[in-house]
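Student: Contents of work-v9.txt (compact mmCIF, C-alpha atoms):
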```
# COMPACT_ATOMS: atom_id res chain seq x y z
CA LYS A 125 1.24 -4.00 14.14
CA LYS A 126 4.03 -6.48 13.37
CA GLN A 127 5.57 -5.95 16.81
CA PHE A 128 2.52 -7.61 18.38
CA ALA A 129 2.64 -10.79 16.27
CA ASN A 130 2.28 -13.91 18.40
CA PRO A 131 5.80 -15.35 18.84
CA ALA A 132 6.62 -18.94 18.00
CA SER A 133 6.38 -21.35 20.93
CA TYR A 134 8.12 -24.58 21.92
CA ILE A 135 11.62 -23.21 21.41
CA THR A 136 14.58 -24.67 23.35
CA PHE A 137 18.03 -23.19 23.97
CA ASP A 138 20.08 -26.03 25.46
CA GLY A 139 23.85 -25.74 25.91
CA GLY A 140 24.12 -29.38 26.97
CA ASP A 141 26.37 -30.90 29.61
CA TYR A 142 29.27 -28.61 28.70
CA LYS A 143 27.13 -25.43 28.56
CA ALA A 144 28.26 -24.81 25.02
CA ILE A 145 25.91 -21.86 24.41
CA ARG A 146 27.25 -18.56 25.73
CA PHE A 147 25.47 -15.20 25.57
CA ASN A 148 27.95 -12.31 25.88
CA MET A 149 26.46 -8.83 26.06
CA ASN A 150 28.49 -6.06 24.46
CA THR A 151 26.54 -2.82 24.22
CA THR A 152 26.70 0.84 25.20
CA SER A 153 22.99 0.92 26.08
CA ASP A 154 22.06 0.92 29.77
CA PHE A 155 19.07 -1.27 28.89
CA ARG A 156 20.26 -4.73 28.00
CA ALA A 157 18.83 -8.24 27.92
CA ALA A 158 20.56 -11.24 26.38
CA ILE A 159 17.20 -13.02 25.95
CA TYR A 160 13.96 -11.02 25.81
CA LEU A 161 10.69 -12.98 25.63
CA SER A 162 7.88 -10.57 24.78
CA ALA A 163 4.12 -10.98 25.17
CA GLY A 164 2.88 -14.41 24.13
CA ALA A 165 6.25 -16.19 24.14
CA SER A 166 5.35 -19.45 25.88
CA HIS A 167 6.61 -23.03 26.18
CA VAL A 168 10.19 -21.76 25.82
CA THR A 169 13.09 -23.51 27.55
CA VAL A 170 16.48 -21.92 28.28
CA LYS A 171 18.86 -24.32 30.01
CA ASN A 172 22.54 -25.11 30.37
CA CYS A 173 23.58 -21.71 28.99
CA LEU A 174 26.14 -19.13 30.12
CA PHE A 175 25.29 -15.42 30.37
CA THR A 176 27.84 -12.65 30.93
CA ASP A 177 27.76 -8.88 30.52
CA ASN A 178 31.05 -7.87 28.90
CA SER A 179 29.89 -4.40 27.84
CA PRO A 180 32.59 -1.71 27.89
CA VAL A 181 30.59 0.32 30.44
CA PRO A 182 28.59 -1.47 33.18
CA SER A 183 24.89 -0.66 33.52
CA TYR A 184 23.94 0.27 37.09
CA GLN A 185 20.33 1.00 36.15
CA ALA A 186 17.81 -1.21 37.99
CA LYS A 187 14.47 0.65 38.06
CA LEU A 188 11.82 -1.69 36.69
CA PRO A 189 8.90 -0.53 34.50
CA LEU A 190 5.40 -0.52 36.02
CA THR A 191 1.73 -0.46 34.99
CA ARG A 192 -1.23 1.66 36.08
CA TYR A 193 -4.79 2.54 35.11
CA ASN A 194 -5.08 6.16 33.91
CA ASN A 195 -8.55 7.41 34.86
CA ALA A 196 -8.32 10.51 32.67
CA MET A 197 -7.49 8.44 29.57
CA GLY A 198 -9.71 5.51 30.53
CA SER A 199 -6.94 3.06 29.69
CA PHE A 200 -3.93 1.24 31.13
CA GLN A 201 -0.43 2.63 30.82
CA PHE A 202 2.70 0.52 30.62
CA GLN A 203 6.05 2.18 31.24
CA ASP A 204 8.65 1.60 28.55
CA ASP A 205 11.75 -0.46 29.24
CA ILE A 206 13.78 2.65 28.49
CA ARG A 207 12.46 5.81 30.19
CA PRO A 208 13.95 9.33 30.09
CA THR A 209 15.89 8.92 33.34
CA SER A 210 15.84 5.20 34.12
CA THR A 211 15.98 1.67 32.76
CA TYR A 212 17.31 -1.76 33.84
CA SER A 213 19.23 -4.78 32.62
CA ALA A 214 18.77 -8.55 32.92
CA ALA A 215 20.35 -11.64 31.44
CA ILE A 216 16.92 -13.17 30.84
CA LEU A 217 13.81 -10.99 30.61
CA GLN A 218 10.22 -11.89 29.86
CA ARG A 219 7.66 -9.10 29.82
CA SER A 220 4.09 -8.96 28.55
CA VAL A 221 2.29 -5.68 27.86
CA MET A 222 -1.06 -4.80 26.32
CA PRO A 223 -0.84 -4.38 22.52
CA THR A 224 -1.42 -0.62 22.38
CA ASP A 225 -0.66 1.72 19.50
CA ILE A 226 2.31 3.95 20.37
CA LYS A 227 0.50 7.12 19.23
CA THR A 228 -3.03 6.60 20.58
CA GLN A 229 -2.19 4.38 23.58
CA TYR A 230 -5.24 2.25 22.72
CA ASN A 231 -5.62 -1.27 21.34
CA ILE A 232 -6.86 0.02 18.01
CA TYR A 233 -6.21 -3.29 16.24
CA ASN A 234 -8.33 -5.28 18.73
CA LEU A 235 -5.48 -7.71 19.28
CA ASP A 236 -5.49 -10.38 21.99
CA SER A 237 -3.58 -9.70 25.20
CA LEU A 238 -1.02 -12.47 25.69
CA SER A 239 1.14 -13.45 28.66
CA ASN A 240 4.28 -15.59 29.09
CA ASN A 241 3.37 -19.09 30.23
CA TYR A 242 5.02 -22.49 30.77
CA ASN A 243 8.56 -21.25 30.26
CA THR A 244 11.52 -22.96 31.94
CA PHE A 245 14.86 -21.38 32.88
CA GLU A 246 17.08 -24.10 34.30
CA ASN A 247 20.73 -24.79 35.08
CA ASN A 248 22.06 -21.58 33.59
CA GLU A 249 25.05 -19.59 34.87
CA ILE A 250 24.59 -15.81 34.96
CA SER A 251 27.01 -13.03 35.97
CA GLY A 252 26.88 -9.28 35.55
CA PHE A 253 23.67 -7.35 34.74
CA SER A 254 21.43 -5.62 37.28
CA TYR A 255 19.19 -8.69 37.53
CA GLY A 256 19.77 -12.30 36.63
CA ILE A 257 16.20 -13.15 35.57
CA VAL A 258 13.18 -10.82 35.44
CA SER A 259 9.57 -11.79 34.66
CA LEU A 260 6.92 -9.05 34.47
CA GLY A 261 3.33 -9.93 33.65
CA MET A 262 0.68 -7.60 32.30
CA GLY A 263 -1.41 -7.49 35.46
CA VAL A 264 -5.15 -6.82 35.42
CA LEU A 265 -7.25 -5.57 32.50
CA ILE A 266 -10.91 -4.53 32.49
CA ASP A 267 -13.48 -6.35 30.36
CA GLY A 268 -15.97 -3.51 29.96
CA GLY A 269 -18.54 -5.66 28.17
CA LEU A 270 -18.75 -8.18 31.00
CA GLY A 271 -18.01 -5.71 33.76
CA GLN A 272 -15.19 -7.88 35.13
CA LEU A 273 -11.50 -7.74 35.93
CA HIS A 274 -9.30 -10.35 34.25
CA ASP A 275 -5.73 -11.03 35.26
CA TYR A 276 -3.08 -11.52 32.60
CA TYR A 277 -0.27 -12.79 34.79
CA ASN A 278 2.73 -14.75 33.58
CA THR A 279 1.90 -18.27 34.76
CA ASN A 280 3.33 -21.73 35.37
CA ASN A 281 6.96 -20.77 34.78
CA VAL A 282 9.94 -22.56 36.33
CA TYR A 283 13.17 -20.91 37.54
CA LYS A 284 15.32 -23.81 38.67
CA ASN A 285 18.93 -24.70 39.53
CA ASN A 286 20.47 -21.55 38.10
CA ILE A 287 23.74 -20.10 39.42
CA ILE A 288 23.53 -16.30 39.54
CA SER A 289 26.43 -14.17 40.78
CA ASN A 290 27.80 -10.63 40.74
CA VAL A 291 24.51 -9.00 39.78
CA ARG A 292 23.72 -5.54 41.10
CA ARG A 293 20.13 -5.57 42.44
CA ALA A 294 18.70 -9.12 42.60
CA GLY A 295 19.15 -12.62 41.25
CA ILE A 296 15.50 -13.26 40.33
CA MET A 297 12.55 -10.84 40.26
CA LEU A 298 8.89 -11.69 39.53
CA GLY A 299 5.94 -9.29 39.19
CA TYR A 300 2.36 -10.10 38.15
CA GLU A 301 3.19 -13.80 38.16
CA LYS A 302 1.06 -16.78 39.17
CA ASN A 303 1.59 -20.50 39.86
CA SER A 304 5.34 -20.37 39.22
CA GLU A 305 8.28 -22.01 41.01
CA ILE A 306 11.68 -20.65 42.07
CA LYS A 307 13.65 -23.68 43.20
CA GLY A 308 17.21 -24.82 43.81
CA ASN A 309 18.96 -21.66 42.62
CA VAL A 310 22.31 -20.49 43.99
CA ILE A 311 22.50 -16.69 44.19
CA TYR A 312 25.57 -14.97 45.61
CA ASN A 313 27.55 -11.71 45.53
CA VAL A 314 24.72 -9.28 44.85
CA THR A 315 26.79 -6.10 44.88
CA GLY A 316 24.07 -3.55 45.66
CA VAL A 317 25.78 -1.03 43.38
CA SER A 318 22.80 0.12 41.32
CA SER A 319 20.31 2.94 40.88
CA GLU A 320 18.17 1.41 43.66
CA SER A 321 19.12 1.59 47.32
CA ASP A 322 18.07 -1.93 48.34
CA ALA A 323 19.08 -5.37 47.08
CA ALA A 324 17.95 -8.97 47.48
CA GLY A 325 18.60 -12.50 46.38
CA ILE A 326 15.00 -12.93 45.20
CA ILE A 327 12.24 -10.30 44.84
CA ILE A 328 8.57 -11.13 44.35
CA GLY A 329 6.15 -8.20 43.96
CA GLY A 330 6.60 -4.58 45.03
CA GLU A 331 8.62 -1.84 43.27
CA SER A 332 6.09 1.05 43.42
CA HIS A 333 7.47 4.39 42.15
CA ASP A 334 6.56 7.50 40.10
CA ASN A 335 2.85 7.31 41.09
CA TYR A 336 2.62 3.78 39.72
CA PRO A 337 1.40 1.01 42.06
CA GLY A 338 3.68 -1.94 42.74
CA TYR A 339 3.48 -5.52 41.55
CA ASN A 340 1.84 -8.49 43.22
CA THR A 341 2.09 -12.24 42.67
CA MET A 342 -0.08 -15.25 43.49
CA SER A 343 0.73 -18.87 44.32
CA ILE A 344 4.50 -18.54 43.97
CA THR A 345 6.71 -21.26 45.50
CA VAL A 346 10.24 -20.33 46.63
CA ASP A 347 11.96 -23.54 47.70
CA ALA A 348 15.49 -24.79 48.44
CA ASN A 349 17.41 -21.76 47.17
CA GLU A 350 20.87 -20.87 48.50
CA ILE A 351 21.46 -17.13 48.90
CA GLU A 352 24.59 -15.44 50.28
CA ASN A 353 26.50 -12.16 50.42
CA ILE A 354 23.78 -9.62 49.60
CA ASN A 355 24.81 -5.95 49.80
CA GLY A 356 22.84 -2.71 49.59
CA THR A 357 22.96 0.91 50.75
CA SER A 358 19.58 1.14 52.57
CA ALA A 359 18.28 -2.42 53.00
CA VAL A 360 19.16 -5.99 52.06
CA TYR A 361 16.97 -9.07 51.87
CA GLY A 362 17.55 -12.72 51.25
CA ILE A 363 14.03 -13.03 49.85
CA LYS A 364 11.86 -9.92 49.54
CA ASN A 365 8.11 -10.60 49.34
CA ASP A 366 6.39 -7.22 48.87
CA GLN A 367 2.77 -7.44 47.72
CA TYR A 368 0.50 -4.62 46.52
CA GLN A 369 -3.28 -4.94 46.41
CA ASN A 370 -4.32 -2.40 43.78
CA GLN A 371 -7.67 -0.77 42.97
CA TYR A 372 -9.35 -0.52 39.57
CA PRO A 373 -12.54 1.30 38.49
CA LEU A 374 -15.39 -1.06 37.69
CA GLY A 375 -18.75 0.59 37.02
CA ASN A 376 -19.36 3.14 39.77
CA SER A 377 -17.00 1.60 42.29
CA LEU A 378 -13.40 0.61 42.85
CA GLN A 379 -12.53 -3.08 42.99
CA LYS A 380 -9.47 -4.40 44.74
CA TYR A 381 -7.20 -6.94 43.09
CA PRO A 382 -5.95 -9.55 43.86
CA ASN A 383 -9.27 -10.59 45.37
CA GLU A 384 -8.05 -14.00 46.56
CA PRO A 385 -5.37 -15.27 48.97
CA GLU A 386 -1.78 -14.54 47.95
CA ASN A 387 -0.73 -18.15 48.71
CA THR A 388 3.02 -17.54 48.59
CA LYS A 389 5.11 -20.46 49.87
CA ILE A 390 8.68 -19.79 51.02
CA PHE A 391 10.51 -22.68 52.66
CA ASN A 392 13.75 -24.71 52.84
CA ASN A 393 15.92 -21.79 51.73
CA ILE A 394 19.46 -21.17 53.07
CA ILE A 395 20.36 -17.47 53.51
CA TRP A 396 23.45 -15.93 55.04
CA GLY A 397 25.87 -13.06 54.66
CA LEU A 398 23.39 -10.17 54.66
```
Could you express the structure from this file as structure tokens?

Tutor:
Amino acid sequence: KKQFANPASYITFDGGDYKAIRFNMNTTSDFRAAIYLSAGASHVTVKNCLFTDNSPVPSYQAKLPLTRYNNAMGSFQFQDDIRPTSTYSAAILQRSVMPTDIKTQYNIYNLDSLSNNYNTFENNEISGFSYGIVSLGMGVLIDGGLGQLHDYYNTNNVYKNNIISNVRRAGIMLGYEKNSEIKGNVIYNVTGVSSESDAAGIIIGGESHDNYPGYNTMSITVDANEIENINGTSAVYGIKNDQYQNQYPLGNSLQKYPNEPENTKIFNNIIWGL
């Protein structure tokens, strides 16, 4: 139960003008994250910091965990960060999941479901890792009592003026995110050498695999980013916007979600070297 305690909020990591805070990863695990904000971590600021992956063996794993509704169990399933044959790495990771007991896969403690909101990641320098920054919300849950779907997206987060280089799959990736801004980032030298065949500067939504539906996002603004030299084996993108409208059982019918306009805004970005 302790693992689902609500984290403290209003925390700031600020390296200052000289970027005096450096996070150096040194691990043999393929899953790695220098900063991991779990469910409920909100009003957190990470700025003016340096992130490097100096592990003795690079991690080329880049398959992100997904979420689905299991009809047989009558509950939602969230893939673990570390799965039997796949995982991923990121300098900064925020991920919210439903507080389920590891044995029963149900919320036996009746704990609140919490997302990651009002977090700011600004003016950091990131190199190495499979992803620079990853944010994965919880998605949609069913309120059986009211007979309604409720979204538990990560919301109102800011990803601004970061310099991200020499990552393997993408600079920034968002899934189940709402009302957030990706602005003024410089992303270059995405190597494309990872467990996934495509690569991008920025990814919003998508990623379906292993009979799990992909992510979607709503009201995301992608503005004034500079993206160059993206490499991949099957496909490359400057900005990949790949949205999934998923279906969930509600009463005797299936309801589609999102059930409102996507409202993604992508403008003023400079992309070359694909």

Student: Using all atoms listed in the file, find the one residue out of A:Asp177, A:Asp205, A:Glu386, A:Asp275 that sits nearest to Gly256 (chain A).

Tutor: A:Asp177

Student: Calculated over only C-alpha atoms, which of the candidates A:Gln218, A:Ile344, A:Tyr339, A:Lys307 has the smallest distance to Tyr381 (chain A)?

Tutor: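 Among the listed residues, A:Tyr339 lies closest to Tyr381 (chain A).
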
Student: Name the closest residue to Glu331 (chain A) among the candidates A:Gly198, A:Pro189, A:Gly140, A:Pro182; distances are taken between atoms, counting only C-alpha atoms.

Tutor: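 For Glu331 (chain A), the nearest of the given residues is A:Pro189.
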
Student: Of the residues A:Val291, A:Ala163, A:Ala157, A:Met222, which is the one nearest to Asn278 (chain A), using all atoms listed in the file?

Tutor: A:Ala163

Student: From the set A:Tyr142, A:Tyr134, A:Phe202, A:Tyr212, which residue has the shortest atom-to-atom contact distance to Ser318 (chain A), counting all atoms listed in the file?

Tutor: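 Once distances to Ser318 (chain A) are computed over all atoms listed in the file, the minimum belongs to A:Tyr212.
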
Student: Show me, as JSON, the centre and edge lengths in Å to one decimal of the axis-aligned box that covers every listed atom of region 255-258 of chain A with 4 Å on each side.

Tutor:
```
{"center_x": 16.5, "center_y": -10.9, "center_z": 36.5, "size_x": 14.6, "size_y": 12.5, "size_z": 10.1}
```

Student: Using all atoms listed in the file, determine which residues lie at most 8 Å from region 362-369 of chain A, disregarding the query and same-chain residues fewer than 3 positions distant; provide the list as a compact mmCIF listing (two decimals) with C-alpha atoms, keeping the file's coordinate frame.

Tutor:
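Result file result.txt:
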```
# COMPACT_ATOMS: atom_id res chain seq x y z
CA ALA A 324 17.95 -8.97 47.48
CA GLY A 325 18.60 -12.50 46.38
CA ILE A 326 15.00 -12.93 45.20
CA ILE A 327 12.24 -10.30 44.84
CA ILE A 328 8.57 -11.13 44.35
CA GLY A 329 6.15 -8.20 43.96
CA GLY A 330 6.60 -4.58 45.03
CA PRO A 337 1.40 1.01 42.06
CA GLY A 338 3.68 -1.94 42.74
CA TYR A 339 3.48 -5.52 41.55
CA ASN A 340 1.84 -8.49 43.22
CA THR A 341 2.09 -12.24 42.67
CA ILE A 351 21.46 -17.13 48.90
CA GLU A 352 24.59 -15.44 50.28
CA ILE A 354 23.78 -9.62 49.60
CA LYS A 380 -9.47 -4.40 44.74
CA TYR A 381 -7.20 -6.94 43.09
CA PRO A 382 -5.95 -9.55 43.86
CA ILE A 395 20.36 -17.47 53.51
CA TRP A 396 23.45 -15.93 55.04
CA LEU A 398 23.39 -10.17 54.66
```

Student: At most 10 Å from (18.6, -5.8, 32.1), file frame, all atoms listed in the file: which residues, as a ChimeraX atom specification?

Tutor: /A:154-160,177,183-188,205,211-217,252-258

Student: Counting all atoms listed in the file, which residue out of A:Leu265, A:Ala348, A:Val181, A:Leu260 sits closest to Leu374 (chain A)?

Tutor: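 Ranked by minimum distance to Leu374 (chain A), first place goes to A:Leu265.
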
Student: Can you list, as a PyMOL selection string, every protein, DNA or RNA residue that comes within 10 Å of Ala359 (chain A) when you count all atoms listed in the file, leaving out same-chain residues fewer than 2 positions away?

Tutor: chain A and resi 316+321-324+354-357+361+398

Student: Record the distance separating CA of Gly375 (chain A) and CA of Gly271 (chain A), expressed in Å with one decimal.

Tutor: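 Distance reported for this atom pair: 7.1 Å.
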
Student: Which residues come within 9 Å of Asn281 (chain A), counting all atoms listed in the file, excluding same-chain residues fewer than 4 positions away, as a list in words?

Tutor: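 Listed by chain and then number, they are His167, Asn240, Asn241, Tyr242, Asn243, Thr244, Phe245, Glu301, Lys302, Asn303, Ser304, Glu305 and Ile306 of chain A.
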
Student: So how many Å separate CA of Arg292 (chain A) and CA of Val310 (chain A), to one decimal?

Tutor: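 Between these atoms lies a distance of 15.3 Å.
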
Student: Env of region 193-195 of chain A: 12 Å cut, atoms = all atoms listed in the file, seq-sep filter 4 positions within chain, self excluded. Answer as a ChimeraX atom specification.

Tutor: /A:199-203,229-230,262-266,335-337,370-374,378

Student: Rounded to one decimal place, report the CA of Ile311 (chain A)-CA of Val170 (chain A) distance in Å.

Tutor: 17.8 Å
